[in-house]
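Shown next: query.txt, containing compact mmCIF, C-alpha atoms.
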```txt
# COMPACT_ATOMS: atom_id res chain seq x y z
CA MET F 2 0.00 0.00 0.00
CA PRO F 3 1.16 3.57 -0.65
CA ASP F 4 2.13 5.79 2.24
CA LEU F 5 -0.69 7.45 4.14
CA SER F 6 -1.40 10.75 2.41
CA GLN F 7 -1.20 14.05 4.22
CA GLU F 8 -4.82 14.71 3.29
CA THR F 9 -6.02 11.52 4.97
CA THR F 10 -3.76 12.13 7.96
CA ASN F 11 -5.23 15.61 8.43
CA LEU F 12 -8.79 14.31 8.21
CA LEU F 13 -8.15 11.55 10.74
CA ARG F 14 -6.53 14.01 13.11
CA HIS F 15 -9.85 15.79 13.60
CA VAL F 16 -12.54 13.08 13.70
CA SER F 17 -13.48 11.06 16.76
CA VAL F 18 -12.57 7.44 17.30
CA ALA F 19 -16.28 6.83 17.99
CA THR F 20 -17.09 8.05 14.47
CA LEU F 21 -14.37 5.83 13.01
CA CYS F 22 -15.79 2.82 14.85
CA THR F 23 -19.19 3.54 13.30
CA GLN F 24 -17.70 3.85 9.82
CA LEU F 25 -15.84 0.58 10.22
CA PHE F 26 -18.96 -1.13 11.59
CA LYS F 27 -20.79 -0.10 8.41
CA ARG F 28 -18.08 -1.94 6.48
CA GLY F 29 -18.42 -5.08 8.58
CA PHE F 30 -15.60 -4.49 11.08
CA ARG F 31 -16.82 -4.93 14.66
CA ASN F 32 -13.57 -5.41 16.58
CA VAL F 33 -11.43 -2.32 15.96
CA PHE F 34 -11.24 -0.55 19.36
CA ILE F 35 -8.27 -1.55 21.51
CA GLN F 36 -9.51 -2.62 24.94
CA GLY F 37 -8.01 -2.00 28.36
CA ILE F 38 -5.90 1.06 27.57
CA ALA F 39 -6.18 4.82 27.93
CA ARG F 40 -4.19 7.87 26.95
CA LEU F 41 -1.47 8.55 29.53
CA THR F 42 -0.27 11.88 28.10
CA ASP F 43 -2.15 15.11 27.43
CA PRO F 44 -3.34 15.51 23.82
CA SER F 45 -1.55 18.06 21.67
CA GLY F 46 -2.27 18.87 18.05
CA GLY F 47 -5.28 16.65 17.54
CA ASN F 48 -5.52 12.87 17.36
CA LEU F 49 -2.67 10.42 17.26
CA VAL F 50 -2.47 9.22 13.64
CA GLY F 51 0.07 6.96 11.99
CA PRO F 52 0.77 3.59 10.41
CA ALA F 53 1.44 0.73 12.80
CA PHE F 54 4.92 -0.68 13.39
CA THR F 55 4.42 -3.72 15.57
CA MET F 56 6.32 -5.65 18.24
CA ARG F 57 5.25 -9.04 19.59
CA ASN F 58 6.05 -10.44 23.03
CA ILE F 59 5.72 -14.02 24.21
CA PRO F 60 6.00 -15.20 27.83
CA SER F 61 9.53 -14.93 29.20
CA ARG F 62 11.82 -17.83 30.06
CA GLU F 63 14.25 -17.60 32.93
CA ASP F 64 17.37 -18.82 31.10
CA LEU F 65 16.91 -16.31 28.26
CA ASP F 66 15.41 -13.23 29.83
CA GLN F 67 18.19 -12.03 32.10
CA ILE F 68 19.23 -8.37 32.46
CA SER F 69 22.29 -9.17 30.31
CA ALA F 70 19.94 -9.67 27.33
CA PHE F 71 19.87 -5.88 26.92
CA ASP F 72 23.64 -5.86 26.24
CA ASN F 73 22.80 -7.13 22.75
CA PRO F 74 21.92 -4.17 20.47
CA ASP F 75 19.84 -6.59 18.40
CA HIS F 76 17.58 -7.43 21.33
CA PRO F 77 14.13 -7.12 19.67
CA GLN F 78 12.84 -4.56 22.16
CA ARG F 79 15.85 -2.29 21.69
CA LYS F 80 16.03 -2.96 17.95
CA GLY F 81 12.33 -2.19 17.66
CA ILE F 82 12.74 1.21 19.30
CA GLU F 83 15.54 1.98 16.82
CA SER F 84 13.59 0.69 13.81
CA VAL F 85 10.22 2.47 13.98
CA PRO F 86 10.05 4.73 10.91
CA PRO F 87 9.33 8.42 11.52
CA GLY F 88 5.60 9.11 11.62
CA HIS F 89 4.74 5.53 12.58
CA VAL F 90 3.14 4.29 15.80
CA LEU F 91 4.88 1.56 17.78
CA VAL F 92 2.17 -0.94 18.76
CA LEU F 93 3.12 -3.50 21.39
CA ASP F 94 1.53 -6.91 21.87
CA CYS F 95 1.91 -7.53 25.60
CA ARG F 96 -0.90 -10.09 25.77
CA GLY F 97 -2.73 -7.78 28.18
CA GLU F 98 -0.13 -8.56 30.84
CA THR F 99 -0.31 -5.84 33.51
CA ARG F 100 2.11 -7.18 36.14
CA VAL F 101 5.17 -5.69 34.42
CA ALA F 102 6.03 -2.66 32.31
CA SER F 103 6.32 -2.80 28.54
CA GLY F 104 8.84 0.07 28.50
CA GLY F 105 9.83 3.20 30.33
CA GLN F 106 10.84 6.84 30.03
CA ILE F 107 14.18 6.32 28.28
CA LEU F 108 12.74 4.11 25.53
CA THR F 109 9.73 6.41 25.11
CA THR F 110 12.01 9.43 24.85
CA ARG F 111 14.06 7.67 22.19
CA LEU F 112 10.89 7.01 20.22
CA LYS F 113 9.98 10.68 20.41
CA VAL F 114 13.45 11.87 19.41
CA ARG F 115 13.46 9.51 16.42
CA GLY F 116 10.21 11.03 15.16
CA ALA F 117 7.75 8.26 15.93
CA ALA F 118 4.12 9.36 16.03
CA GLY F 119 3.30 7.61 19.29
CA LEU F 120 3.24 4.46 21.39
CA VAL F 121 0.33 2.06 21.94
CA SER F 122 0.70 -0.86 24.35
CA ASP F 123 -1.82 -3.21 25.90
CA GLY F 124 0.52 -3.42 28.88
CA PRO F 125 1.54 -0.70 31.36
CA VAL F 126 4.66 1.48 31.32
CA ARG F 127 7.13 2.22 34.09
CA ASP F 128 8.11 5.83 34.88
CA SER F 129 4.46 6.54 34.15
CA GLY F 130 4.48 9.83 36.06
CA ALA F 131 7.35 11.22 33.99
CA ILE F 132 5.92 9.87 30.74
CA SER F 133 2.55 11.44 31.51
CA GLU F 134 4.22 14.85 31.29
CA MET F 135 5.78 14.21 27.86
CA ASP F 136 4.49 15.90 24.72
CA PHE F 137 4.21 12.54 22.99
CA PRO F 138 1.10 10.35 22.56
CA VAL F 139 1.22 7.26 24.77
CA TYR F 140 -1.70 4.88 25.19
CA CYS F 141 -1.23 2.04 27.65
CA ALA F 142 -2.70 0.05 30.53
CA GLY F 143 -1.49 2.42 33.23
CA GLY F 144 1.72 2.14 35.21
CA SER F 145 3.74 -0.79 36.55
CA ALA F 146 7.23 -0.70 38.03
CA PRO F 147 8.64 -4.23 37.40
CA LEU F 148 10.71 -4.58 34.24
CA ASN F 149 9.45 -6.37 31.16
CA LEU F 150 11.89 -9.30 31.34
CA ILE F 151 9.98 -10.83 34.23
CA HIS F 152 7.04 -11.76 31.99
CA HIS F 153 7.93 -10.71 28.41
CA HIS F 154 10.25 -12.04 25.76
CA ALA F 155 10.27 -9.69 22.76
CA ILE F 156 10.35 -11.98 19.75
CA ASP F 157 9.10 -10.39 16.50
CA LEU F 158 9.05 -7.00 14.80
CA ASN F 159 6.56 -5.74 12.23
CA VAL F 160 4.42 -8.86 12.08
CA PRO F 161 0.67 -9.23 12.66
CA ILE F 162 -0.09 -9.00 16.37
CA GLY F 163 -2.97 -8.74 18.81
CA CYS F 164 -3.21 -5.60 20.94
CA GLY F 165 -6.03 -5.22 23.43
CA GLY F 166 -7.96 -7.95 21.66
CA VAL F 167 -7.66 -6.36 18.20
CA ALA F 168 -5.69 -7.68 15.23
CA VAL F 169 -3.07 -5.16 14.13
CA TYR F 170 -1.21 -5.66 10.86
CA PRO F 171 1.90 -3.65 9.96
CA GLY F 172 0.79 -0.52 8.14
CA ASP F 173 -2.73 -0.48 9.59
CA VAL F 174 -3.68 3.06 10.50
CA ILE F 175 -3.74 3.82 14.22
CA VAL F 176 -5.95 6.67 15.43
CA GLY F 177 -6.19 7.72 19.07
CA ASP F 178 -8.25 10.40 20.80
CA ASP F 179 -9.38 11.04 24.39
CA GLU F 180 -11.59 7.94 24.25
CA GLY F 181 -9.02 5.45 23.06
CA VAL F 182 -7.49 3.88 19.95
CA ALA F 183 -9.02 2.47 16.77
CA VAL F 184 -7.28 0.36 14.15
CA ILE F 185 -8.19 0.99 10.49
CA PRO F 186 -7.14 -1.49 7.80
CA ARG F 187 -4.82 0.49 5.56
CA HIS F 188 -6.77 -0.14 2.35
CA LEU F 189 -9.85 1.49 3.92
CA ALA F 190 -8.20 4.50 5.55
CA ASP F 191 -8.79 7.04 2.78
CA GLU F 192 -12.50 6.34 2.32
CA VAL F 193 -13.15 5.93 6.05
CA ALA F 194 -11.52 9.30 6.73
CA ARG F 195 -13.63 11.06 4.10
CA ASP F 196 -16.88 9.44 5.22
CA ALA F 197 -16.10 10.12 8.89
CA VAL F 198 -15.83 13.84 8.17
CA GLU F 199 -19.21 13.77 6.40
CA GLN F 200 -20.77 11.83 9.28
CA GLU F 201 -19.58 14.41 11.79
CA LYS F 202 -21.01 17.27 9.72
CA MET F 203 -24.38 15.54 9.72
CA GLU F 204 -24.15 14.84 13.45
CA ALA F 205 -23.31 18.48 14.19
CA PHE F 206 -26.53 19.43 12.41
CA ILE F 207 -28.52 16.74 14.22
CA LEU F 208 -27.15 17.87 17.57
CA GLU F 209 -28.32 21.43 16.86
CA ARG F 210 -31.81 20.10 16.13
CA VAL F 211 -31.92 17.94 19.24
CA GLU F 212 -30.72 20.84 21.37
CA GLY F 213 -33.57 22.81 19.85
CA GLY F 214 -36.13 20.24 20.97
CA ALA F 215 -36.36 17.87 17.98
CA LYS F 216 -37.51 14.32 18.74
CA LEU F 217 -35.26 11.42 17.80
CA ALA F 218 -37.75 9.89 15.37
CA GLY F 219 -36.93 11.22 11.93
CA THR F 220 -33.96 13.16 13.26
CA TYR F 221 -31.59 10.46 14.44
CA PRO F 222 -31.28 8.60 12.15
CA PRO F 223 -32.31 11.32 9.69
CA ASN F 224 -35.25 10.84 7.35
CA ALA F 225 -35.55 12.48 3.92
CA GLU F 226 -36.89 15.72 5.39
CA THR F 227 -34.01 16.00 7.84
CA ARG F 228 -31.49 15.23 5.11
CA ALA F 229 -32.93 17.97 2.94
CA ALA F 230 -32.73 20.40 5.85
CA PHE F 231 -29.13 19.33 6.41
CA GLU F 232 -28.19 20.11 2.82
CA ALA F 233 -29.68 23.59 3.18
CA TRP F 234 -27.86 24.05 6.50
CA ARG F 235 -24.47 23.05 5.13
CA LYS F 236 -24.95 25.26 2.07
CA GLN F 237 -25.72 28.17 4.35
CA LYS F 238 -22.59 27.48 6.40
CA GLY F 239 -20.45 26.74 3.36
CA ILE F 240 -19.30 23.30 4.57
```

Please render this file's structure as structure tokens.
Amino acid sequence: MPDLSQETTNLLRHVSVATLCTQLFKRGFRNVFIQGIARLTDPSGGNLVGPAFTMRNIPSREDLDQISAFDNPDHPQRKGIESVPPGHVLVLDCRGETRVASGGQILTTRLKVRGAAGLVSDGPVRDSGAISEMDFPVYCAGGSAPLNLIHHHAIDLNVPIGCGGVAVYPGDVIVGDDEGVAVIPRHLADEVARDAVEQEKMEAFILERVEGGAKLAGTYPPNAETRAAFEAWRKQKGI
């Protein structure tokens, strides 16, 4: 697939994850919202948007996962941090394991410095207080102090993974807002982004009507009369 266009990126930066879930549901995708995580850092500049670069963990084994494993620059966790392309989101498969951290402040800072778009993990992070103050999007399962080696063995980079119960393929488009993170199959990203913008225009109009006392029947979902009124409204507003 071609790189994500700037136009699509800009559209996705300003639509809600809830809207994206609706658009994907219309296309038959029901399991796209990563469960068990929340944004740790304050939002800045709109939604997190970027293609997924993935890392998979399996359960650790005591003879392999010693602290000396990090002496190897090709250790998959360290190599992964150094391999994420600029503008991509590192997505970690931690199997929902919350007893240990999936990374900490130094690794997260390296991701930011290298130009990654953000970090998504279905496990916690250590140094969560310091990370929460970073101007860098991090979605995770909270904080946990013990290091990853206790329960994780990083094994694969940029392969299909599961994160928070959702299948994530390399290059899938990751979008995160205050509510959480959605995963969009790359081949659908352009059309989903365009249709999400149109949906939110319609919903802004519907919200105005409901605030003005309109009943749900015929308004939400809109009937032909409401749709005609919407077209007049958007023409008046030039949107």

Option closest in space to Asp123 in chain F, from F:Ala205, F:Leu65, F:Val193, F:Leu93 [counting all atoms listed in the file] | F:Leu93

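For the pair CA of Arg115 in chain F and CA of Ala70 in chain F, the separation is 23.0 Å.
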
Please identify all polymer residues within 7 Å of Arg57 in chain F, counting only C-alpha atoms, omitting same-chain residues fewer than 6 positions from it, and present them as a PyMOL selection string.
-> chain F and resi 93-94+155-158+162

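The interatomic distance for the pair CA of Leu13 in chain F and CA of Gln237 in chain F works out to 25.0 Å.
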
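Reported to one decimal place, the separation of CA of Gly181 in chain F from CA of Pro138 in chain F is 11.3 Å.
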
Would you mind listing what lies within 12 Å of Gln67 in chain F as a JSON list (two decimals) with C-alpha atoms, keeping the file's coordinate frame, with all atoms listed in the file counted and same-chain residues fewer than 6 positions away left out?
```json
[["chain", "number", "residue", "atom", "x", "y", "z"],
["F", 61, "SER", "CA", 9.53, -14.93, 29.20],
["F", 73, "ASN", "CA", 22.80, -7.13, 22.75],
["F", 76, "HIS", "CA", 17.58, -7.43, 21.33],
["F", 148, "LEU", "CA", 10.71, -4.58, 34.24],
["F", 149, "ASN", "CA", 9.45, -6.37, 31.16],
["F", 150, "LEU", "CA", 11.89, -9.30, 31.34],
["F", 151, "ILE", "CA", 9.98, -10.83, 34.23],
["F", 152, "HIS", "CA", 7.04, -11.76, 31.99],
["F", 153, "HIS", "CA", 7.93, -10.71, 28.41],
["F", 154, "HIS", "CA", 10.25, -12.04, 25.76]]
```

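Shell of Phe231 in chain F at 10 Å, with all atoms listed in the file counted and residues fewer than 5 places along the chain excluded, is Lys202, Met203, Glu204, Ala205, Phe206, Ile207, Pro223, Ala225, Glu226, Lys236 and Gln237 of chain F.
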